[in-house]
>>> print(open('query.txt').read())   # compact mmCIF, C-alpha atoms and all ligand atoms
# COMPACT_ATOMS: atom_id res chain seq x y z
CA MET Y 1 37.54 -3.05 41.86
CA ALA Y 2 37.10 -6.22 39.78
CA ALA Y 3 34.56 -6.00 36.94
CA VAL Y 4 31.24 -7.74 37.57
CA ASN Y 5 30.78 -10.83 35.43
CA LEU Y 6 28.03 -10.63 32.82
CA LEU Y 7 27.06 -14.16 33.81
CA SER Y 8 27.80 -16.23 36.85
CA LEU Y 9 26.51 -19.62 37.81
CA GLU Y 10 27.18 -20.16 41.50
CA LYS Y 11 27.00 -23.77 42.68
CA VAL Y 12 24.06 -24.35 40.35
CA SER Y 13 22.21 -27.64 40.62
CA ALA Y 14 19.21 -28.71 38.55
CA ARG Y 15 17.14 -31.83 37.95
CA LEU Y 16 15.14 -33.07 34.98
CA GLY Y 17 12.62 -35.60 36.20
CA LYS Y 18 14.50 -37.77 38.67
CA GLN Y 19 17.88 -37.12 37.14
CA ALA Y 20 20.38 -34.59 38.46
CA VAL Y 21 21.57 -32.79 35.33
CA LEU Y 22 23.69 -30.09 36.99
CA SER Y 23 25.53 -30.54 40.28
CA GLY Y 24 27.23 -27.56 41.87
CA VAL Y 25 28.23 -25.89 38.61
CA ASP Y 26 30.38 -22.75 38.95
CA LEU Y 27 30.93 -20.80 35.76
CA THR Y 28 31.51 -17.19 34.80
CA VAL Y 29 31.53 -15.15 31.60
CA GLY Y 30 33.06 -11.70 31.64
CA ALA Y 31 32.86 -8.86 29.13
CA GLY Y 32 35.12 -9.46 26.15
CA GLU Y 33 35.35 -13.19 26.76
CA VAL Y 34 34.42 -16.21 24.68
CA VAL Y 35 33.88 -19.19 26.97
CA ALA Y 36 33.39 -22.60 25.35
CA LEU Y 37 31.33 -25.23 27.11
CA CYS Y 38 32.57 -28.68 26.12
CA GLY Y 39 31.61 -32.18 27.14
CA PRO Y 40 30.22 -35.40 25.72
CA ASN Y 41 26.57 -35.93 24.79
CA GLY Y 42 24.39 -35.64 27.87
CA ALA Y 43 27.09 -33.85 29.90
CA GLY Y 44 24.75 -30.97 30.79
CA LYS Y 45 25.84 -28.24 28.36
CA SER Y 46 22.32 -27.36 27.20
CA SER Y 47 21.06 -27.62 30.77
CA ALA Y 48 23.71 -25.15 31.96
CA ILE Y 49 22.83 -22.70 29.20
CA ARG Y 50 19.11 -23.11 29.89
CA ALA Y 51 19.75 -22.55 33.60
CA ALA Y 52 21.62 -19.37 32.70
CA VAL Y 53 18.51 -17.94 31.03
CA GLY Y 54 16.08 -19.17 33.67
CA LEU Y 55 14.62 -22.02 31.63
CA ALA Y 56 15.81 -24.82 33.92
CA PRO Y 57 14.46 -24.55 37.48
CA LEU Y 58 17.32 -24.71 39.98
CA THR Y 59 17.38 -27.06 42.93
CA GLY Y 60 20.37 -25.19 44.38
CA GLY Y 61 22.68 -22.28 43.80
CA ALA Y 62 22.07 -19.06 41.91
CA VAL Y 63 22.41 -17.47 38.49
CA ARG Y 64 23.47 -13.85 38.23
CA LEU Y 65 23.24 -11.60 35.19
CA ASP Y 66 25.54 -8.63 35.55
CA GLY Y 67 25.59 -9.25 39.29
CA ASP Y 68 21.80 -9.41 39.73
CA ASP Y 69 20.04 -12.61 40.76
CA LEU Y 70 18.09 -13.83 37.72
CA ARG Y 71 15.07 -14.57 39.91
CA GLY Y 72 14.65 -10.88 40.64
CA LEU Y 73 14.69 -9.83 36.98
CA SER Y 74 11.57 -9.43 34.85
CA HIS Y 75 11.39 -11.27 31.54
CA ARG Y 76 11.96 -8.01 29.75
CA GLN Y 77 15.09 -7.30 31.81
CA ARG Y 78 16.37 -10.80 31.03
CA ALA Y 79 15.66 -10.33 27.33
CA GLU Y 80 17.61 -7.07 27.30
CA ARG Y 81 20.63 -8.58 29.07
CA VAL Y 82 21.00 -11.91 27.31
CA ALA Y 83 20.53 -13.30 23.81
CA TYR Y 84 19.94 -17.04 23.66
CA LEU Y 85 20.34 -19.33 20.68
CA PRO Y 86 18.77 -22.68 21.59
CA GLN Y 87 19.96 -26.00 20.22
CA GLU Y 88 16.46 -26.66 18.86
CA ARG Y 89 16.13 -25.17 15.38
CA ARG Y 90 12.49 -25.70 14.57
CA ILE Y 91 10.58 -22.63 13.39
CA ALA Y 92 6.83 -22.99 13.22
CA TRP Y 93 6.00 -20.45 10.50
CA ASN Y 94 7.39 -20.14 7.02
CA LEU Y 95 8.35 -16.46 7.36
CA PRO Y 96 11.10 -14.84 5.29
CA ALA Y 97 14.52 -14.85 6.92
CA PHE Y 98 14.56 -11.11 7.62
CA GLU Y 99 11.27 -11.32 9.54
CA VAL Y 100 12.50 -14.26 11.62
CA ALA Y 101 15.77 -12.48 12.39
CA ALA Y 102 13.89 -9.28 13.29
CA LEU Y 103 12.03 -11.19 16.02
CA GLY Y 104 15.25 -10.84 18.01
CA ALA Y 105 14.53 -7.12 18.46
CA PRO Y 106 10.96 -6.88 19.75
CA PHE Y 107 11.72 -3.64 21.59
CA LEU Y 108 12.80 -1.76 18.46
CA SER Y 109 10.58 -0.07 15.90
CA GLY Y 110 9.78 -2.20 12.86
CA GLY Y 111 12.16 -0.29 10.59
CA ASP Y 112 15.09 -0.44 13.02
CA ALA Y 113 14.48 -4.14 13.69
CA MET Y 114 14.45 -4.89 9.95
CA ALA Y 115 17.65 -2.92 9.38
CA ARG Y 116 19.37 -4.79 12.19
CA ALA Y 117 18.02 -8.10 10.89
CA GLU Y 118 19.42 -7.46 7.44
CA ALA Y 119 22.83 -6.51 8.85
CA ALA Y 120 22.90 -9.63 11.05
CA LEU Y 121 21.98 -11.90 8.15
CA ILE Y 122 24.80 -10.43 6.11
CA GLU Y 123 27.10 -10.84 9.13
CA VAL Y 124 26.49 -14.62 9.20
CA GLY Y 125 26.85 -15.02 5.44
CA ALA Y 126 23.12 -15.33 4.79
CA GLY Y 127 22.60 -12.06 2.93
CA HIS Y 128 21.41 -13.98 -0.13
CA LEU Y 129 18.64 -15.62 1.92
CA ILE Y 130 17.01 -12.46 3.24
CA ASP Y 131 13.69 -12.91 1.40
CA ARG Y 132 13.60 -16.72 1.46
CA GLY Y 133 11.04 -18.54 3.65
CA VAL Y 134 12.77 -20.40 6.47
CA ALA Y 135 10.88 -23.62 5.67
CA ASP Y 136 12.40 -23.50 2.19
CA MET Y 137 15.99 -23.66 3.41
CA SER Y 138 18.54 -26.31 4.26
CA GLY Y 139 19.20 -27.03 7.94
CA GLY Y 140 22.49 -25.12 7.87
CA GLU Y 141 20.90 -22.12 6.19
CA ARG Y 142 18.14 -22.03 8.82
CA ALA Y 143 20.78 -22.28 11.55
CA ARG Y 144 22.38 -19.09 10.23
CA VAL Y 145 19.03 -17.28 10.29
CA LEU Y 146 18.51 -18.29 13.91
CA LEU Y 147 22.00 -17.12 14.81
CA ALA Y 148 21.23 -13.82 13.09
CA ARG Y 149 18.10 -13.55 15.26
CA ALA Y 150 20.28 -13.92 18.37
CA LEU Y 151 22.80 -11.36 17.08
CA VAL Y 152 19.96 -8.89 16.39
CA VAL Y 153 19.21 -8.75 20.12
CA GLY Y 154 22.37 -6.72 20.71
CA ALA Y 155 22.49 -7.91 24.33
CA PRO Y 156 25.76 -7.70 26.28
CA LEU Y 157 25.69 -11.47 26.85
CA LEU Y 158 25.21 -14.08 24.13
CA LEU Y 159 24.57 -17.74 24.87
CA ALA Y 160 24.75 -20.06 21.88
CA ASP Y 161 23.98 -23.76 22.18
CA GLU Y 162 25.87 -25.66 19.47
CA PRO Y 163 25.59 -22.83 16.93
CA ILE Y 164 27.84 -24.56 14.38
CA ALA Y 165 26.26 -28.02 14.41
CA GLY Y 166 25.44 -29.01 10.83
CA LEU Y 167 27.27 -26.08 9.24
CA ASP Y 168 29.91 -26.55 6.54
CA PRO Y 169 33.53 -25.97 7.61
CA ASP Y 170 33.71 -22.45 6.21
CA ALA Y 171 30.43 -21.46 7.87
CA GLN Y 172 31.56 -22.96 11.19
CA ARG Y 173 34.58 -20.68 11.19
CA LEU Y 174 32.57 -17.71 9.96
CA VAL Y 175 30.09 -18.10 12.82
CA LEU Y 176 32.82 -18.48 15.43
CA GLU Y 177 34.65 -15.47 13.99
CA ARG Y 178 31.44 -13.45 14.34
CA LEU Y 179 31.00 -14.54 17.95
CA ARG Y 180 34.67 -13.73 18.59
CA ALA Y 181 34.13 -10.29 17.04
CA ARG Y 182 31.15 -9.67 19.34
CA ALA Y 183 33.35 -10.49 22.31
CA ASP Y 184 36.16 -8.30 21.00
CA ALA Y 185 33.60 -5.49 20.85
CA GLY Y 186 32.83 -6.02 24.55
CA ALA Y 187 30.13 -8.71 24.75
CA GLY Y 188 30.42 -11.91 26.76
CA VAL Y 189 29.87 -15.14 24.82
CA LEU Y 190 29.14 -18.62 26.15
CA VAL Y 191 29.06 -21.22 23.41
CA SER Y 192 28.69 -24.99 23.58
CA LEU Y 193 30.88 -26.80 21.10
CA HIS Y 194 31.72 -30.41 20.29
CA ASP Y 195 34.68 -29.58 18.06
CA LEU Y 196 37.54 -29.27 20.54
CA THR Y 197 40.00 -27.88 17.99
CA LEU Y 198 37.60 -25.05 17.16
CA ALA Y 199 36.94 -24.50 20.86
CA ALA Y 200 40.68 -24.17 21.46
CA GLY Y 201 41.06 -21.87 18.46
CA PHE Y 202 38.28 -19.42 19.30
CA ALA Y 203 37.66 -19.47 23.05
CA ASP Y 204 39.56 -17.64 25.76
CA ARG Y 205 38.53 -20.29 28.26
CA VAL Y 206 37.02 -23.76 28.11
CA VAL Y 207 34.72 -25.21 30.75
CA VAL Y 208 34.55 -29.00 30.61
CA LEU Y 209 31.34 -30.58 31.86
CA ASP Y 210 30.72 -34.26 32.48
CA GLN Y 211 27.67 -35.77 34.15
CA GLY Y 212 26.50 -32.34 35.24
CA ARG Y 213 29.75 -31.36 36.94
CA VAL Y 214 32.56 -29.02 36.00
CA ILE Y 215 35.60 -31.24 35.54
CA ALA Y 216 38.06 -28.59 34.40
CA GLN Y 217 38.17 -24.98 33.34
CA GLY Y 218 40.85 -22.63 32.15
CA ALA Y 219 42.88 -21.81 29.08
CA PRO Y 220 41.68 -24.21 26.36
CA ILE Y 221 44.56 -26.62 26.02
CA GLU Y 222 45.12 -26.63 29.76
CA ALA Y 223 41.47 -27.43 30.50
CA LEU Y 224 41.48 -30.00 27.70
CA SER Y 225 44.55 -31.76 29.06
CA PRO Y 226 45.45 -35.32 28.03
CA THR Y 227 44.02 -36.54 31.35
CA VAL Y 228 40.69 -34.77 30.76
CA LEU Y 229 40.60 -35.87 27.12
CA ARG Y 230 40.93 -39.44 28.27
CA SER Y 231 38.69 -39.45 31.34
CA VAL Y 232 35.87 -37.28 29.96
CA PHE Y 233 35.96 -37.81 26.20
CA GLY Y 234 37.54 -41.27 25.99
CA LEU Y 235 40.28 -39.94 23.71
CA ASP Y 236 44.01 -40.45 23.56
CA GLY Y 237 44.94 -36.98 22.39
CA GLU Y 238 47.65 -34.40 22.20
CA TRP Y 239 47.72 -30.77 21.10
CA ILE Y 240 49.90 -29.79 18.18
CA GLU Y 241 50.89 -26.16 17.65
CA ALA Y 242 49.83 -25.57 14.04
CA PRO Y 243 50.27 -22.27 12.14
CA ASN Y 244 46.53 -21.51 12.47
CA GLY Y 245 46.23 -22.45 16.13
CA PRO Y 246 46.27 -25.56 18.29
CA LEU Y 247 45.19 -28.77 16.60
CA LEU Y 248 43.95 -31.82 18.47
CA ALA Y 249 45.38 -35.08 17.23
CA ALA Y 250 43.34 -37.82 18.87
CA ARG Y 251 42.06 -41.35 18.59
CA ARG Y 252 39.65 -43.29 20.73
CA ALA Y 253 41.36 -44.46 23.89
N1 LIG Y 301 13.48 -33.66 28.99
C1 LIG Y 301 14.36 -34.39 29.69
N2 LIG Y 301 13.95 -35.20 30.69
C2 LIG Y 301 14.82 -35.93 31.42
N3 LIG Y 301 16.15 -35.88 31.23
C3 LIG Y 301 16.62 -35.10 30.25
C4 LIG Y 301 15.76 -34.31 29.43
N4 LIG Y 301 16.52 -33.62 28.55
C5 LIG Y 301 17.80 -33.98 28.80
N5 LIG Y 301 17.85 -34.86 29.81
C6 LIG Y 301 19.06 -35.45 30.41
O1 LIG Y 301 19.79 -34.40 31.00
C7 LIG Y 301 21.19 -34.64 30.89
C8 LIG Y 301 21.86 -33.41 30.34
O2 LIG Y 301 21.36 -33.16 29.03
P1 LIG Y 301 21.84 -31.90 28.20
O3 LIG Y 301 20.90 -31.77 27.04
O4 LIG Y 301 22.01 -30.75 29.10
O5 LIG Y 301 23.28 -32.41 27.71
P2 LIG Y 301 24.24 -31.83 26.59
O6 LIG Y 301 25.61 -31.80 27.18
O7 LIG Y 301 23.72 -30.54 26.04
O8 LIG Y 301 24.15 -32.97 25.50
P3 LIG Y 301 24.28 -32.99 23.87
O9 LIG Y 301 25.75 -32.80 23.57
O10 LIG Y 301 23.82 -34.36 23.54
O11 LIG Y 301 23.40 -31.92 23.33
C9 LIG Y 301 21.34 -35.88 30.03
O12 LIG Y 301 21.64 -36.96 30.84
C10 LIG Y 301 19.98 -36.05 29.38
O13 LIG Y 301 19.70 -37.42 29.19
>>> encode(input="query.txt", output="structure tokens")
Amino acid sequence: MAAVNLLSLEKVSARLGKQAVLSGVDLTVGAGEVVALCGPNGAGKSSAIRAAVGLAPLTGGAVRLDGDDLRGLSHRQRAERVAYLPQERRIAWNLPAFEVAALGAPFLSGGDAMARAEAALIEVGAGHLIDRGVADMSGGERARVLLARALVVGAPLLLADEPIAGLDPDAQRLVLERLRARADAGAGVLVSLHDLTLAAGFADRVVVLDQGRVIAQGAPIEALSPTVLRSVFGLDGEWIEAPNGPLLAARRA
């Protein structure tokens, strides 16, 4: 029997105001998989991720977590099944990093949550920031703390909306390596990314969205074919097999 997907969007449609932001989106994430969601600004990546956690009301279709319709799950059940890193990185209170990260584990005892928070901060290369207030950090440092908060959840499914935006090149790779490691340990990961070379290097599959529709999905350099690069991203591009993985050589079409 085929394994149940940790996440499936089945013909999902959603509107924001008068605008259709998702139209019949089909997407799955299985255990052990990193799926990258790619597309230009406004394509619907954040909307798809928000729909997957029940934050975007659907006008059609269904979202399933581990086979169960999201609508039938309590908020606690959702929180146990999926960790969500939003694109928005504002944090209201100037709490130390370890306390912010520990918020990802509200169902654990204080001591266990703190231990997990510390481990997650070290995992994302922010071990030196553990005691620092999050308002007293750079944007990239705060982004790592928020990623640590999502990793602390320990849920089987992790959804990360542009987790590497604003990070330096080393940190971008570190974060993607950590997400990859979570998948290799059995989690399912859905991550929105603008950097197509990194998407091709770290993801098992790429889903290309444009104007709220899935345009292509599959193995990264097949989904991101020259035709898709041109029609969706406005790029004349080709993939080069480099020693460290596929490299996109592109210019504006
Ligand atoms: N609050 C809102 N009200 C109305 N329309 C919105 C709102 N937020 C986003 N949109 C529209 O929804 C569409 C999808 O936006 P979404 O944020 O999902 O795209 P995205 O692919 O994540 O973009 P980006 O790469 O810029 O983050 C866009 O056309 C956007 O203009």
>>> residues_near_ligand(input="query.txt", ligand="ligand LIG 301 (chain Y)", cutoff="12 Å", atoms="all atoms listed in the file", output="number ranges by chain")
Y: 13-23, 37-52, 55-56, 86-88, 160-163, 165, 191-195, 207-214, 232-233
>>> closest_residue(input="query.txt", among="Y:Leu27, Y:Ile221, Y:Leu70, Y:Leu7", to="Leu248 of chain Y", atoms="only C-alpha atoms")
Y:Ile221
>>> atom_distance(input="query.txt", atom1="atom CA of Ile164 of chain Y", atom2="atom CA of Val206 of chain Y")
16.5 Å
>>> closest_residue(input="query.txt", among="Y:Ala187, Y:Leu229, Y:Ile215, Y:Ile91", to="Val25 of chain Y", atoms="only C-alpha atoms")
Y:Ile215
>>> atom_distance(input="query.txt", atom1="atom CA of Leu73 of chain Y", atom2="atom CA of Leu190 of chain Y")
20.1 Å
>>> residues_around(input="query.txt", residues="Gly166 of chain Y", least_positions_apart="6", cutoff="10 Å", atoms="only C-alpha atoms", output="list in words")
Ser138, Gly139, Gly140, Glu141, Ala143 and Gln172 of chain Y
>>> atom_distance(input="query.txt", atom1="atom CA of Ala97 of chain Y", atom2="atom CA of Leu151 of chain Y")
13.6 Å
>>> closest_residue(input="query.txt", among="Y:Leu146, Y:Leu6, Y:Ala250, Y:Ile240", to="Val35 of chain Y", atoms="all atoms listed in the file")
Y:Leu6
>>> axis_aligned_box(input="query.txt", around="segment 60-65 of chain Y", padding_each_side="3 Å", output="lines of an AutoDock Vina configuration file")
center_x = 21.9
center_y = -18.4
center_z = 39.8
size_x = 9.1
size_y = 19.6
size_z = 15.2
>>> closest_residue(input="query.txt", among="Y:Pro246, Y:Gly104, Y:Gly72, Y:Gly67", to="Glu118 of chain Y", atoms="all atoms listed in the file")
Y:Gly104
>>> closest_residue(input="query.txt", among="Y:Val152, Y:Val100, Y:Arg142, Y:Pro220", to="Ala115 of chain Y", atoms="all atoms listed in the file")
Y:Val152
>>> closest_residue(input="query.txt", among="Y:Ser231, Y:Asp66, Y:Gly61, Y:Ser225", to="Arg78 of chain Y", atoms="only C-alpha atoms")
Y:Asp66
>>> residues_near_point(input="query.txt", point="(23.1, -15.1, 6.7)", cutoff="8 Å", atoms="only C-alpha atoms", output="list of chain:residue names")
Y:Ala120, Y:Leu121, Y:Ile122, Y:Glu123, Y:Val124, Y:Gly125, Y:Ala126, Y:Gly127, Y:His128, Y:Leu129, Y:Ile130, Y:Glu141, Y:Arg144, Y:Val145, Y:Ala148
>>> residues_near_point(input="query.txt", point="(36.6, -15.3, 16.9)", cutoff="10 Å", atoms="all atoms listed in the file", output="list in words")
Val34, Arg173, Leu174, Val175, Leu176, Glu177, Arg178, Leu179, Arg180, Ala181, Arg182, Ala183, Asp184, Leu198, Gly201, Phe202, Ala203 and Asp204 of chain Y
>>> build_atoms(input="query.txt", residues="segment 94-109 of chain Y", atoms="N, CA and C atoms", output="PDB file, in the frame of the given file")
ATOM      1  N   ASN Y  94       6.508 -20.334   8.168  1.00  0.00           N
ATOM      2  CA  ASN Y  94       7.390 -20.140   7.020  1.00  0.00           C
ATOM      3  C   ASN Y  94       7.492 -18.647   6.677  1.00  0.00           C
ATOM      4  N   LEU Y  95       8.146 -17.900   7.579  1.00  0.00           N
ATOM      5  CA  LEU Y  95       8.350 -16.460   7.360  1.00  0.00           C
ATOM      6  C   LEU Y  95       9.671 -16.246   6.641  1.00  0.00           C
ATOM      7  N   PRO Y  96       9.796 -15.123   5.912  1.00  0.00           N
ATOM      8  CA  PRO Y  96      11.100 -14.840   5.290  1.00  0.00           C
ATOM      9  C   PRO Y  96      12.165 -14.604   6.358  1.00  0.00           C
ATOM     10  N   ALA Y  97      13.402 -14.901   5.962  1.00  0.00           N
ATOM     11  CA  ALA Y  97      14.520 -14.850   6.920  1.00  0.00           C
ATOM     12  C   ALA Y  97      14.593 -13.510   7.651  1.00  0.00           C
ATOM     13  N   PHE Y  98      14.384 -12.402   6.938  1.00  0.00           N
ATOM     14  CA  PHE Y  98      14.560 -11.110   7.620  1.00  0.00           C
ATOM     15  C   PHE Y  98      13.496 -10.907   8.702  1.00  0.00           C
ATOM     16  N   GLU Y  99      12.304 -11.484   8.506  1.00  0.00           N
ATOM     17  CA  GLU Y  99      11.270 -11.320   9.540  1.00  0.00           C
ATOM     18  C   GLU Y  99      11.586 -12.192  10.755  1.00  0.00           C
ATOM     19  N   VAL Y 100      12.122 -13.394  10.495  1.00  0.00           N
ATOM     20  CA  VAL Y 100      12.500 -14.260  11.620  1.00  0.00           C
ATOM     21  C   VAL Y 100      13.632 -13.609  12.410  1.00  0.00           C
ATOM     22  N   ALA Y 101      14.633 -13.115  11.702  1.00  0.00           N
ATOM     23  CA  ALA Y 101      15.770 -12.480  12.390  1.00  0.00           C
ATOM     24  C   ALA Y 101      15.312 -11.253  13.181  1.00  0.00           C
ATOM     25  N   ALA Y 102      14.358 -10.505  12.621  1.00  0.00           N
ATOM     26  CA  ALA Y 102      13.890  -9.280  13.290  1.00  0.00           C
ATOM     27  C   ALA Y 102      13.157  -9.578  14.598  1.00  0.00           C
ATOM     28  N   LEU Y 103      12.704 -10.837  14.763  1.00  0.00           N
ATOM     29  CA  LEU Y 103      12.030 -11.190  16.020  1.00  0.00           C
ATOM     30  C   LEU Y 103      12.976 -11.055  17.216  1.00  0.00           C
ATOM     31  N   GLY Y 104      14.288 -11.015  16.921  1.00  0.00           N
ATOM     32  CA  GLY Y 104      15.250 -10.840  18.010  1.00  0.00           C
ATOM     33  C   GLY Y 104      15.225  -9.446  18.615  1.00  0.00           C
ATOM     34  N   ALA Y 105      14.532  -8.517  17.973  1.00  0.00           N
ATOM     35  CA  ALA Y 105      14.530  -7.120  18.460  1.00  0.00           C
ATOM     36  C   ALA Y 105      13.116  -6.624  18.677  1.00  0.00           C
ATOM     37  N   PRO Y 106      12.354  -7.262  19.585  1.00  0.00           N
ATOM     38  CA  PRO Y 106      10.960  -6.880  19.750  1.00  0.00           C
ATOM     39  C   PRO Y 106      10.785  -5.489  20.361  1.00  0.00           C
ATOM     40  N   PHE Y 107      11.865  -4.935  20.933  1.00  0.00           N
ATOM     41  CA  PHE Y 107      11.720  -3.640  21.590  1.00  0.00           C
ATOM     42  C   PHE Y 107      12.083  -2.480  20.670  1.00  0.00           C
ATOM     43  N   LEU Y 108      12.473  -2.817  19.429  1.00  0.00           N
ATOM     44  CA  LEU Y 108      12.800  -1.760  18.460  1.00  0.00           C
ATOM     45  C   LEU Y 108      11.609  -1.500  17.553  1.00  0.00           C
ATOM     46  N   SER Y 109      11.627  -0.345  16.895  1.00  0.00           N
ATOM     47  CA  SER Y 109      10.580  -0.070  15.900  1.00  0.00           C
ATOM     48  C   SER Y 109      10.768  -1.048  14.739  1.00  0.00           C
TER      49      SER Y 109
END
